[in-house]
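Chemist: Below you'll find query.tsv; it's TSV, C-alpha atoms.
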```tsv
chain	number	residue	atom	x	y	z
C	195	MET	CA	-27.76	51.96	4.62
C	196	GLN	CA	-25.30	53.94	6.72
C	197	TYR	CA	-24.82	57.68	6.19
C	198	ARG	CA	-21.72	59.74	6.83
C	199	THR	CA	-20.63	63.35	6.53
C	200	LEU	CA	-18.67	64.06	3.36
C	201	GLY	CA	-15.45	65.49	4.77
C	202	ARG	CA	-16.22	68.79	6.46
C	203	THR	CA	-18.96	69.83	4.03
C	204	GLY	CA	-21.88	68.88	6.26
C	205	VAL	CA	-23.43	66.91	3.37
C	206	GLN	CA	-24.77	63.50	4.41
C	207	VAL	CA	-23.94	60.72	1.95
C	208	SER	CA	-24.58	56.98	1.82
C	209	SER	CA	-21.73	54.61	2.68
C	210	LEU	CA	-22.27	52.94	-0.71
C	211	ALA	CA	-22.31	55.27	-3.71
C	212	LEU	CA	-23.36	54.42	-7.26
C	213	GLY	CA	-20.58	54.69	-9.82
C	214	ALA	CA	-21.81	54.99	-13.40
C	215	MET	CA	-18.72	54.01	-15.36
C	216	ASN	CA	-20.49	50.93	-16.73
C	217	PHE	CA	-23.38	52.96	-18.14
C	218	GLY	CA	-23.08	52.93	-21.92
C	219	ARG	CA	-20.67	51.18	-24.22
C	220	ILE	CA	-18.06	50.35	-21.54
C	221	GLY	CA	-20.48	48.09	-19.68
C	222	ARG	CA	-22.79	47.51	-22.65
C	223	THR	CA	-25.62	48.92	-20.51
C	224	THR	CA	-28.73	50.33	-22.18
C	225	GLN	CA	-30.69	53.37	-20.99
C	226	GLU	CA	-33.46	51.12	-19.70
C	227	GLU	CA	-30.96	49.07	-17.69
C	228	ALA	CA	-29.19	52.17	-16.37
C	229	THR	CA	-32.47	53.68	-15.23
C	230	ALA	CA	-33.44	50.43	-13.50
C	231	ILE	CA	-30.09	50.41	-11.67
C	232	VAL	CA	-30.55	54.02	-10.56
C	233	ASP	CA	-34.11	53.28	-9.41
C	234	ALA	CA	-33.01	50.28	-7.35
C	235	ALA	CA	-30.01	52.11	-5.90
C	236	LEU	CA	-32.12	55.05	-4.72
C	237	GLU	CA	-34.71	52.67	-3.31
C	238	GLY	CA	-31.88	50.93	-1.43
C	239	GLY	CA	-30.81	54.17	0.23
C	240	VAL	CA	-27.98	55.27	-2.07
C	241	ASN	CA	-27.97	59.06	-2.46
C	242	VAL	CA	-24.68	59.60	-4.36
C	243	ILE	CA	-24.23	59.06	-8.10
C	244	ASP	CA	-20.76	59.50	-9.54
C	245	THR	CA	-19.93	59.68	-13.24
C	246	ALA	CA	-17.37	61.38	-15.54
C	247	ASP	CA	-17.26	62.99	-18.94
C	248	ALA	CA	-14.82	60.36	-20.21
C	249	TYR	CA	-17.05	57.39	-19.37
C	250	SER	CA	-18.10	56.11	-22.79
C	251	ALA	CA	-17.28	59.55	-24.26
C	252	GLY	CA	-20.12	61.30	-22.42
C	253	GLU	CA	-22.70	58.54	-22.83
C	254	SER	CA	-22.66	57.73	-19.10
C	255	GLU	CA	-23.50	61.33	-18.19
C	256	GLU	CA	-26.35	61.36	-20.69
C	257	MET	CA	-27.78	58.14	-19.25
C	258	VAL	CA	-27.46	59.39	-15.67
C	259	GLY	CA	-29.20	62.62	-16.65
C	260	LYS	CA	-32.17	60.77	-18.12
C	261	ALA	CA	-32.32	58.36	-15.17
C	262	ILE	CA	-32.47	61.11	-12.53
C	263	ALA	CA	-34.84	63.45	-14.37
C	264	GLY	CA	-37.44	64.81	-11.98
C	265	ARG	CA	-35.56	63.83	-8.82
C	266	ARG	CA	-32.24	65.59	-9.14
C	267	ASP	CA	-32.60	67.45	-5.83
C	268	ASP	CA	-32.62	64.20	-3.87
C	269	ILE	CA	-29.22	63.15	-5.25
C	270	VAL	CA	-25.66	64.19	-4.49
C	271	LEU	CA	-24.47	64.31	-8.10
C	272	ALA	CA	-20.77	64.07	-8.91
C	273	THR	CA	-18.84	64.09	-12.17
C	274	LYS	CA	-15.25	64.57	-13.32
C	275	ALA	CA	-13.04	66.10	-16.01
C	276	TYR	CA	-9.40	65.78	-17.13
C	277	LEU	CA	-9.19	62.68	-19.35
C	278	PRO	CA	-9.12	63.24	-23.14
C	279	MET	CA	-12.44	63.99	-24.85
C	280	GLY	CA	-11.44	63.45	-28.46
C	281	ASP	CA	-8.24	64.08	-30.39
C	282	GLU	CA	-8.01	67.85	-29.92
C	283	ARG	CA	-4.96	68.43	-27.74
C	284	ASN	CA	-6.64	71.03	-25.52
C	285	HIS	CA	-9.77	68.97	-24.87
C	286	ARG	CA	-8.25	67.45	-21.75
C	287	GLY	CA	-6.28	68.36	-18.64
C	288	GLY	CA	-6.75	70.76	-15.75
C	289	SER	CA	-6.47	74.15	-17.45
C	290	ARG	CA	-9.07	76.87	-16.94
C	291	ARG	CA	-9.72	76.83	-20.69
C	292	TRP	CA	-10.72	73.17	-20.62
C	293	LEU	CA	-12.45	72.89	-17.24
C	294	VAL	CA	-14.89	75.71	-18.02
C	295	THR	CA	-15.80	74.09	-21.34
C	296	ALA	CA	-15.85	70.56	-19.95
C	297	LEU	CA	-18.22	71.50	-17.13
C	298	ASP	CA	-20.68	73.18	-19.51
C	299	ASP	CA	-20.60	70.06	-21.66
C	300	SER	CA	-21.21	67.84	-18.62
C	301	LEU	CA	-24.11	69.98	-17.39
C	302	ARG	CA	-25.70	69.79	-20.84
C	303	ARG	CA	-25.34	66.00	-21.00
C	304	LEU	CA	-26.66	65.58	-17.46
C	305	GLY	CA	-29.53	68.00	-18.07
C	306	VAL	CA	-28.88	69.95	-14.85
C	307	ASP	CA	-27.77	73.48	-13.96
C	308	HIS	CA	-25.17	72.41	-11.39
C	309	VAL	CA	-23.36	69.40	-9.95
C	310	ASP	CA	-22.74	68.90	-6.26
C	311	LEU	CA	-19.18	67.63	-6.64
C	312	TYR	CA	-16.83	68.33	-9.57
C	313	GLN	CA	-13.63	66.30	-9.52
C	314	VAL	CA	-10.32	66.55	-11.35
C	315	HIS	CA	-9.97	63.00	-12.63
C	316	ARG	CA	-6.18	62.88	-12.41
C	317	TRP	CA	-3.39	65.22	-11.41
C	318	ASP	CA	-2.21	67.24	-14.42
C	319	PRO	CA	1.59	67.69	-14.33
C	320	ALA	CA	1.37	70.32	-17.09
C	321	THR	CA	-0.95	72.65	-15.15
C	322	SER	CA	-0.26	74.57	-11.95
C	323	ASP	CA	-2.43	74.05	-8.90
C	324	GLU	CA	-3.22	77.77	-8.90
C	325	GLU	CA	-4.57	77.58	-12.47
C	326	THR	CA	-6.84	74.62	-11.73
C	327	LEU	CA	-8.00	75.79	-8.31
C	328	SER	CA	-8.76	79.32	-9.48
C	329	ALA	CA	-10.94	77.98	-12.29
C	330	LEU	CA	-12.78	75.64	-9.91
C	331	THR	CA	-13.23	78.43	-7.37
C	332	ASP	CA	-14.80	80.65	-10.03
C	333	LEU	CA	-17.09	77.85	-11.20
C	334	ARG	CA	-18.24	77.38	-7.62
C	335	ARG	CA	-18.89	81.11	-7.23
C	336	ALA	CA	-20.90	80.99	-10.46
C	337	GLY	CA	-23.16	78.35	-8.87
C	338	LYS	CA	-22.31	75.65	-11.41
C	339	ILE	CA	-20.68	73.43	-8.77
C	340	ARG	CA	-21.16	73.21	-5.02
C	341	TYR	CA	-17.83	71.56	-4.10
C	342	PHE	CA	-14.77	70.30	-5.90
C	343	GLY	CA	-12.40	67.43	-5.30
C	344	SER	CA	-9.50	65.43	-6.67
C	345	SER	CA	-9.34	61.86	-7.93
C	346	THR	CA	-6.41	59.45	-7.75
C	347	PHE	CA	-3.91	62.12	-6.70
C	348	PRO	CA	-0.62	61.01	-5.10
C	349	ALA	CA	-0.43	62.02	-1.44
C	350	TYR	CA	2.18	64.70	-2.02
C	351	ARG	CA	-0.01	66.34	-4.69
C	352	ILE	CA	-2.96	66.40	-2.28
C	353	VAL	CA	-0.75	68.24	0.22
C	354	GLN	CA	0.60	70.59	-2.45
C	355	ALA	CA	-2.93	71.48	-3.61
C	356	GLN	CA	-4.00	72.25	-0.05
C	357	TRP	CA	-0.96	74.52	0.35
C	358	ALA	CA	-1.67	76.27	-2.98
C	359	ALA	CA	-5.28	76.92	-2.00
C	360	ARG	CA	-4.19	78.59	1.23
C	361	GLU	CA	-1.29	80.47	-0.37
C	362	HIS	CA	-3.43	81.95	-3.15
C	363	HIS	CA	-6.67	82.34	-1.13
C	364	LEU	CA	-8.60	79.92	-3.32
C	365	GLY	CA	-11.17	77.23	-2.67
C	366	ARG	CA	-9.71	73.85	-1.80
C	367	TYR	CA	-10.37	70.27	-2.72
C	368	VAL	CA	-12.78	68.83	-0.15
C	369	THR	CA	-12.72	65.23	-1.38
C	370	GLU	CA	-10.36	62.67	-2.85
C	371	GLN	CA	-11.38	59.64	-4.90
C	372	PRO	CA	-8.69	56.93	-4.74
C	373	ALA	CA	-8.68	53.27	-5.73
C	374	TYR	CA	-8.91	51.09	-2.62
C	375	SER	CA	-9.64	47.43	-1.96
C	376	ILE	CA	-8.37	44.52	0.10
C	377	LEU	CA	-6.03	43.64	-2.77
C	378	GLN	CA	-4.75	47.20	-3.28
C	379	ARG	CA	-4.06	48.75	0.13
C	380	GLY	CA	-1.15	51.04	-0.75
C	381	ILE	CA	-3.11	54.23	-0.06
C	382	GLU	CA	-3.18	53.32	3.62
C	383	THR	CA	0.50	54.27	3.76
C	384	HIS	CA	0.30	57.87	2.52
C	385	VAL	CA	-2.99	58.96	0.94
C	386	LEU	CA	-5.48	58.11	3.68
C	387	PRO	CA	-3.39	59.68	6.49
C	388	VAL	CA	-3.23	62.87	4.39
C	389	THR	CA	-6.98	62.93	3.71
C	390	GLU	CA	-7.61	62.50	7.43
C	391	GLU	CA	-5.18	65.31	8.25
C	392	TYR	CA	-6.97	67.74	5.92
C	393	GLY	CA	-10.50	66.54	6.63
C	394	LEU	CA	-11.21	65.38	3.08
C	395	GLY	CA	-14.11	63.11	2.27
C	396	VAL	CA	-12.99	59.89	0.55
C	397	LEU	CA	-14.99	58.13	-2.18
C	398	ALA	CA	-13.14	54.87	-2.77
C	399	TRP	CA	-13.37	53.42	-6.28
C	400	SER	CA	-12.82	49.80	-7.35
C	401	PRO	CA	-13.57	48.33	-3.90
C	402	LEU	CA	-14.15	44.97	-5.62
C	403	ALA	CA	-10.75	45.23	-7.34
C	404	SER	CA	-12.14	45.22	-10.91
C	405	GLY	CA	-14.20	42.13	-10.14
C	406	TRP	CA	-11.52	40.08	-8.41
C	407	LEU	CA	-13.53	40.29	-5.17
C	408	SER	CA	-16.95	39.76	-6.72
C	409	GLY	CA	-16.90	35.98	-6.31
C	410	ALA	CA	-16.83	35.45	-10.07
C	411	ILE	CA	-13.07	34.83	-10.20
C	412	ARG	CA	-12.03	31.66	-8.40
C	413	GLU	CA	-9.42	28.94	-8.73
C	414	GLY	CA	-10.25	26.48	-11.50
C	415	ARG	CA	-12.80	28.71	-13.20
C	416	GLU	CA	-12.41	30.41	-16.54
C	417	VAL	CA	-12.18	34.17	-16.08
C	418	ALA	CA	-15.05	35.55	-18.15
C	419	THR	CA	-15.95	38.90	-16.58
C	420	ASN	CA	-16.81	41.97	-18.62
C	421	ARG	CA	-13.63	43.72	-17.49
C	422	SER	CA	-11.40	40.78	-18.45
C	423	ALA	CA	-12.66	41.00	-22.04
C	424	PHE	CA	-10.98	44.37	-22.65
C	425	MET	CA	-8.18	44.19	-20.03
C	426	PRO	CA	-7.00	40.56	-20.41
C	427	GLN	CA	-3.51	41.25	-19.07
C	428	ARG	CA	-4.95	42.14	-15.66
C	429	PHE	CA	-6.64	38.74	-15.39
C	430	ASP	CA	-3.98	36.44	-16.84
C	431	THR	CA	-3.17	34.14	-13.92
C	432	ALA	CA	0.22	33.35	-15.43
C	433	VAL	CA	1.25	36.88	-14.42
C	434	PRO	CA	2.78	36.74	-10.90
C	435	SER	CA	0.79	39.66	-9.51
C	436	ASN	CA	-2.47	38.13	-10.79
C	437	ARG	CA	-1.50	34.79	-9.31
C	438	ALA	CA	-0.96	36.53	-5.97
C	439	LYS	CA	-4.40	38.11	-6.23
C	440	LEU	CA	-6.04	34.77	-6.99
C	441	ASP	CA	-4.30	33.10	-4.05
C	442	ALA	CA	-5.47	35.93	-1.78
C	443	VAL	CA	-9.03	35.66	-3.11
C	444	GLU	CA	-9.17	31.95	-2.23
C	445	ARG	CA	-8.03	32.66	1.34
C	446	LEU	CA	-10.40	35.62	1.66
C	447	ALA	CA	-13.31	33.49	0.45
C	448	ARG	CA	-12.67	31.10	3.34
C	449	VAL	CA	-12.67	34.02	5.79
C	450	ALA	CA	-15.97	35.23	4.35
C	451	ASP	CA	-17.52	31.76	4.58
C	452	GLU	CA	-16.49	31.37	8.21
C	453	ALA	CA	-17.98	34.79	9.01
C	454	GLY	CA	-21.24	33.96	7.23
C	455	LEU	CA	-20.66	36.62	4.58
C	456	THR	CA	-20.38	36.77	0.83
C	457	LEU	CA	-17.05	37.78	-0.63
C	458	ILE	CA	-18.69	41.02	-1.78
C	459	GLN	CA	-19.86	41.80	1.74
C	460	LEU	CA	-16.36	41.12	3.05
C	461	ALA	CA	-14.77	43.37	0.40
C	462	LEU	CA	-17.16	46.29	0.79
C	463	GLY	CA	-17.28	45.96	4.57
C	464	PHE	CA	-13.50	46.18	4.65
C	465	VAL	CA	-13.36	49.39	2.61
C	466	THR	CA	-16.12	51.17	4.54
C	467	ALA	CA	-14.54	50.11	7.86
C	468	HIS	CA	-11.58	52.43	7.39
C	469	PRO	CA	-12.20	55.64	9.36
C	470	ALA	CA	-10.87	57.78	6.49
C	471	VAL	CA	-13.33	56.36	3.94
C	472	THR	CA	-16.69	58.08	3.52
C	473	SER	CA	-18.23	55.90	0.79
C	474	ALA	CA	-17.34	52.93	-1.39
C	475	LEU	CA	-18.22	53.39	-5.06
C	476	ILE	CA	-19.97	50.37	-6.53
C	477	GLY	CA	-20.25	50.09	-10.32
C	478	PRO	CA	-22.84	47.43	-11.20
C	479	ARG	CA	-23.68	46.53	-14.80
C	480	THR	CA	-26.98	44.87	-13.90
C	481	THR	CA	-29.59	45.14	-11.18
C	482	ASP	CA	-28.58	41.65	-9.98
C	483	HIS	CA	-25.03	42.95	-9.48
C	484	LEU	CA	-26.42	45.96	-7.66
C	485	HIS	CA	-28.54	43.93	-5.23
C	486	SER	CA	-25.59	41.66	-4.39
C	487	GLN	CA	-23.60	44.79	-3.51
C	488	LEU	CA	-26.39	46.57	-1.64
C	489	ALA	CA	-26.47	43.51	0.62
C	490	ALA	CA	-23.26	44.91	2.12
C	491	ALA	CA	-24.84	48.26	3.03
C	492	ASP	CA	-25.09	47.42	6.73
C	493	THR	CA	-22.11	45.06	6.94
C	494	VAL	CA	-19.85	45.79	9.90
C	495	LEU	CA	-16.81	43.52	10.09
C	496	PRO	CA	-15.75	42.48	13.59
C	497	PRO	CA	-12.10	42.90	14.68
C	498	ASP	CA	-11.24	39.20	14.26
C	499	VAL	CA	-12.35	39.28	10.60
C	500	LEU	CA	-10.39	42.47	9.93
C	501	ASP	CA	-7.36	40.85	11.62
C	502	ALA	CA	-7.74	37.80	9.36
C	503	ILE	CA	-7.76	40.07	6.30
C	504	ASP	CA	-4.57	41.75	7.54
C	505	THR	CA	-2.78	38.40	7.67
C	506	ILE	CA	-3.68	37.69	4.04
C	507	VAL	CA	-2.92	41.15	2.61
C	508	PRO	CA	-0.85	43.19	5.07
C	509	PRO	CA	-1.79	46.85	5.65
C	510	GLY	CA	-0.34	49.24	3.07
C	511	THR	CA	0.33	46.46	0.54
C	512	ASP	CA	-0.54	46.56	-3.16
C	513	LEU	CA	-0.62	43.06	-4.62
C	514	ALA	CA	-0.38	44.57	-8.12
C	515	PRO	CA	1.80	47.69	-7.80
C	516	ASP	CA	1.97	48.09	-11.59
C	517	GLU	CA	-1.80	48.72	-11.67
C	518	LYS	CA	-1.65	51.80	-9.48
C	519	ASN	CA	-3.10	54.94	-11.00
C	520	ASP	CA	-1.37	57.50	-8.79
C	521	THR	CA	2.25	56.61	-9.55
C	522	PRO	CA	4.42	59.74	-9.93
C	523	PRO	CA	5.17	60.33	-13.63
C	524	ALA	CA	8.94	60.10	-13.11
C	525	LEU	CA	8.58	56.44	-12.11
C	526	LEU	CA	6.89	55.65	-15.42
C	527	ASP	CA	8.88	57.84	-17.83
C	528	PRO	CA	12.69	57.49	-17.53
C	529	THR	CA	13.28	60.84	-19.28
C	530	LEU	CA	11.74	62.56	-16.26
C	531	ARG	CA	14.34	61.14	-13.87
C	532	ARG	CA	17.48	61.75	-15.95
C	533	ARG	CA	19.30	64.97	-16.74
```
Take the structure in the file and write it out as structure tokens.
Modeler:
Amino acid sequence: MQYRTLGRTGVQVSSLALGAMNFGRIGRTTQEEATAIVDAALEGGVNVIDTADAYSAGESEEMVGKAIAGRRDDIVLATKAYLPMGDERNHRGGSRRWLVTALDDSLRRLGVDHVDLYQVHRWDPATSDEETLSALTDLRRAGKIRYFGSSTFPAYRIVQAQWAAREHHLGRYVTEQPAYSILQRGIETHVLPVTEEYGLGVLAWSPLASGWLSGAIREGREVATNRSAFMPQRFDTAVPSNRAKLDAVERLARVADEAGLTLIQLALGFVTAHPAVTSALIGPRTTDHLHSQLAAADTVLPPDVLDAIDTIVPPGTDLAPDEKNDTPPALLDPTLRRR
């Protein structure tokens, strides 16, 4: 396992981090299975576990808490808030009112008195940066969080939040958690240059592109992954963007074979090769999945392999632009771009 400094915090973190989104009903993972995954990940050198309150409505946090009991101090523990937690209209977002409550709920589910990294899961257009940052700064001063970060923020919102922190003398985001993979490279254009400029640590999620780069999705095979069962439109190869992804996967598989690597090693090695990326978040549902991903822990791709990847998916290119999670709201809602 490789270890890197998380932004400018001084905290040393593993280049592969364990994402717990599949713990619970989303991944149909039991407590016993989740604990086994955590055990194997820690044994493999992983020291970061990332979850969120919204993952299976809090079930993921509860499972993580039980799995790390008695060894919490050896783990860089991260969670998130923002996404809806029920139907109540104020049980979501980036307001002080909600973040204070949401953190207490997360700490209770995790069974800890603090988290190392608390992340705002998405940018909240309805809440000012000053409101969110002041709440996070106070939670840090109270000792309930050590650092705070953003997740899936557009580049211009990352810049705006850094400006707001300086303008109002508040703590600043020290990390960003964007989606990044060989198939979705758009953040190379704006987000990663900004994180480098401000010295933010980067925890990249979906480095296997929702399973497209796991080796399970290939030409001529029926797509039968767990993710495809509840997001079928993202795996329908009649859709042009999905067809483009499948074509790219076939070419990437040949590159991996010629380099003596698995497709997973190629995918994770690509993400962790970028100088702006601190860790790639892996989200296994089983210990077998985990071990296939841990095999990439020491993968270093040579320049000729990285060049071959660039010819298949050019730098800064998203093969499925409609799947981006950091699109400015005005591009999705026409009422926001019309007087």
Chemist: List every protein, DNA or RNA residue that has an atom no more than 12 Å from (-13.1, 64.9, -25.7) in the file's coordinate frame, counting all atoms listed in the file, and report them as a count of residues only.
Modeler: 28
Chemist: Kindly indicate which residue among C:Asp298, C:Asp501, C:Asp512, C:Asp492 lies nearest to Ser209 in chain C, using only C-alpha atoms for the distances.
Modeler: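 With only C-alpha atoms as the atom set, the closest residue is C:Asp492.
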Chemist: May I have the residues within 9 Å of range 394-411 of chain C as a PDB file with C-alpha atoms, in the coordinates of the input, using all atoms listed in the file and disregarding those fewer than 3 positions away in the same chain?
Modeler:
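Saved the output as around_38.pdb:
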```
ATOM      1  CA  THR C 199     -20.630  63.350   6.530  1.00  0.00           C
ATOM      2  CA  LEU C 200     -18.670  64.060   3.360  1.00  0.00           C
ATOM      3  CA  GLY C 201     -15.450  65.490   4.770  1.00  0.00           C
ATOM      4  CA  ARG C 202     -16.220  68.790   6.460  1.00  0.00           C
ATOM      5  CA  THR C 203     -18.960  69.830   4.030  1.00  0.00           C
ATOM      6  CA  ALA C 211     -22.310  55.270  -3.710  1.00  0.00           C
ATOM      7  CA  GLY C 213     -20.580  54.690  -9.820  1.00  0.00           C
ATOM      8  CA  GLY C 343     -12.400  67.430  -5.300  1.00  0.00           C
ATOM      9  CA  SER C 345      -9.340  61.860  -7.930  1.00  0.00           C
ATOM     10  CA  TYR C 367     -10.370  70.270  -2.720  1.00  0.00           C
ATOM     11  CA  VAL C 368     -12.780  68.830  -0.150  1.00  0.00           C
ATOM     12  CA  THR C 369     -12.720  65.230  -1.380  1.00  0.00           C
ATOM     13  CA  GLU C 370     -10.360  62.670  -2.850  1.00  0.00           C
ATOM     14  CA  GLN C 371     -11.380  59.640  -4.900  1.00  0.00           C
ATOM     15  CA  PRO C 372      -8.690  56.930  -4.740  1.00  0.00           C
ATOM     16  CA  ALA C 373      -8.680  53.270  -5.730  1.00  0.00           C
ATOM     17  CA  TYR C 374      -8.910  51.090  -2.620  1.00  0.00           C
ATOM     18  CA  SER C 375      -9.640  47.430  -1.960  1.00  0.00           C
ATOM     19  CA  ILE C 376      -8.370  44.520   0.100  1.00  0.00           C
ATOM     20  CA  LEU C 377      -6.030  43.640  -2.770  1.00  0.00           C
ATOM     21  CA  GLN C 378      -4.750  47.200  -3.280  1.00  0.00           C
ATOM     22  CA  LEU C 386      -5.480  58.110   3.680  1.00  0.00           C
ATOM     23  CA  VAL C 388      -3.230  62.870   4.390  1.00  0.00           C
ATOM     24  CA  THR C 389      -6.980  62.930   3.710  1.00  0.00           C
ATOM     25  CA  GLU C 390      -7.610  62.500   7.430  1.00  0.00           C
ATOM     26  CA  GLU C 391      -5.180  65.310   8.250  1.00  0.00           C
ATOM     27  CA  GLY C 414     -10.250  26.480 -11.500  1.00  0.00           C
ATOM     28  CA  ARG C 415     -12.800  28.710 -13.200  1.00  0.00           C
ATOM     29  CA  GLU C 416     -12.410  30.410 -16.540  1.00  0.00           C
ATOM     30  CA  VAL C 417     -12.180  34.170 -16.080  1.00  0.00           C
ATOM     31  CA  ALA C 418     -15.050  35.550 -18.150  1.00  0.00           C
ATOM     32  CA  THR C 419     -15.950  38.900 -16.580  1.00  0.00           C
ATOM     33  CA  ASN C 420     -16.810  41.970 -18.620  1.00  0.00           C
ATOM     34  CA  ARG C 421     -13.630  43.720 -17.490  1.00  0.00           C
ATOM     35  CA  SER C 422     -11.400  40.780 -18.450  1.00  0.00           C
ATOM     36  CA  PHE C 429      -6.640  38.740 -15.390  1.00  0.00           C
ATOM     37  CA  LYS C 439      -4.400  38.110  -6.230  1.00  0.00           C
ATOM     38  CA  LEU C 440      -6.040  34.770  -6.990  1.00  0.00           C
ATOM     39  CA  VAL C 443      -9.030  35.660  -3.110  1.00  0.00           C
ATOM     40  CA  LEU C 446     -10.400  35.620   1.660  1.00  0.00           C
ATOM     41  CA  ALA C 447     -13.310  33.490   0.450  1.00  0.00           C
ATOM     42  CA  THR C 456     -20.380  36.770   0.830  1.00  0.00           C
ATOM     43  CA  LEU C 457     -17.050  37.780  -0.630  1.00  0.00           C
ATOM     44  CA  ILE C 458     -18.690  41.020  -1.780  1.00  0.00           C
ATOM     45  CA  LEU C 460     -16.360  41.120   3.050  1.00  0.00           C
ATOM     46  CA  ALA C 461     -14.770  43.370   0.400  1.00  0.00           C
ATOM     47  CA  LEU C 462     -17.160  46.290   0.790  1.00  0.00           C
ATOM     48  CA  PHE C 464     -13.500  46.180   4.650  1.00  0.00           C
ATOM     49  CA  VAL C 465     -13.360  49.390   2.610  1.00  0.00           C
ATOM     50  CA  THR C 466     -16.120  51.170   4.540  1.00  0.00           C
ATOM     51  CA  ALA C 470     -10.870  57.780   6.490  1.00  0.00           C
ATOM     52  CA  VAL C 471     -13.330  56.360   3.940  1.00  0.00           C
ATOM     53  CA  THR C 472     -16.690  58.080   3.520  1.00  0.00           C
ATOM     54  CA  SER C 473     -18.230  55.900   0.790  1.00  0.00           C
ATOM     55  CA  ALA C 474     -17.340  52.930  -1.390  1.00  0.00           C
ATOM     56  CA  LEU C 475     -18.220  53.390  -5.060  1.00  0.00           C
ATOM     57  CA  ILE C 476     -19.970  50.370  -6.530  1.00  0.00           C
ATOM     58  CA  GLY C 477     -20.250  50.090 -10.320  1.00  0.00           C
ATOM     59  CA  GLN C 487     -23.600  44.790  -3.510  1.00  0.00           C
TER      60      GLN C 487
END
```
Chemist: For Leu301 in chain C, which of C:Gly288, C:Gly337, C:Pro469, C:Pro497 is the closest residue, counting all atoms listed in the file?
Modeler: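 For Leu301 in chain C, the nearest of the candidates is C:Gly337.
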Chemist: Calculate how many Å separate CA of Thr224 in chain C from CA of Ala261 in chain C, rounding to one decimal.
Modeler: 11.2 Å
Chemist: Interatomic distance between CA of Thr480 in chain C and CA of Arg316 in chain C?
Modeler: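 About the pair CA of Thr480 in chain C and CA of Arg316 in chain C: they are 27.6 Å apart.
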Chemist: Of the residues C:Val499, C:Arg360, C:Leu484, C:Leu311, which is the one nearest to Ala230 in chain C, using all atoms listed in the file?
Modeler: C:Leu484
Chemist: Using only C-alpha atoms for the distances, tell me which of C:Arg532, C:Asn241, C:His315, C:Ser254 is nearest to Met195 in chain C.
Modeler: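 Smallest distance to Met195 in chain C is found for C:Asn241.
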Chemist: My list of candidates is C:Val449, C:Ala263, C:Val207, C:Ala329. Which is closest to Asp498 in chain C when distances are computed with only C-alpha atoms?
Modeler: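 Checking each candidate against Asp498 in chain C, we get C:Val449 as the closest.
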Chemist: Taking 2 positions as the minimum chain separation for residues in the same chain, which residues sit within 9 Å of range 320-327 of chain C when counting only C-alpha atoms? Answer as a PyMOL selection string.
Modeler: chain C and resi 287-290+293+314+317-318+329-332+354-355+358-359+362+364-367
Chemist: Which residue gives the smallest distance to Asp267 in chain C among C:Arg335, C:Arg198, C:His308, C:His384, with only C-alpha atoms counted?
Modeler: C:His308
Chemist: In Å, rounded to a single decimal, give me how far CA of Ile243 in chain C is from CA of Leu271 in chain C.
Modeler: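 Going from CA of Leu271 in chain C over to CA of Ile243 in chain C, I get 5.3 Å.
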Chemist: Which residues, written as a PyMOL selection string, have at least one atom at most 9 Å from Val240 in chain C, with only C-alpha atoms counted and residues fewer than 2 positions away on the same chain left out?
Modeler: chain C and resi 195+207-212+232+234-238+242-243+269+488
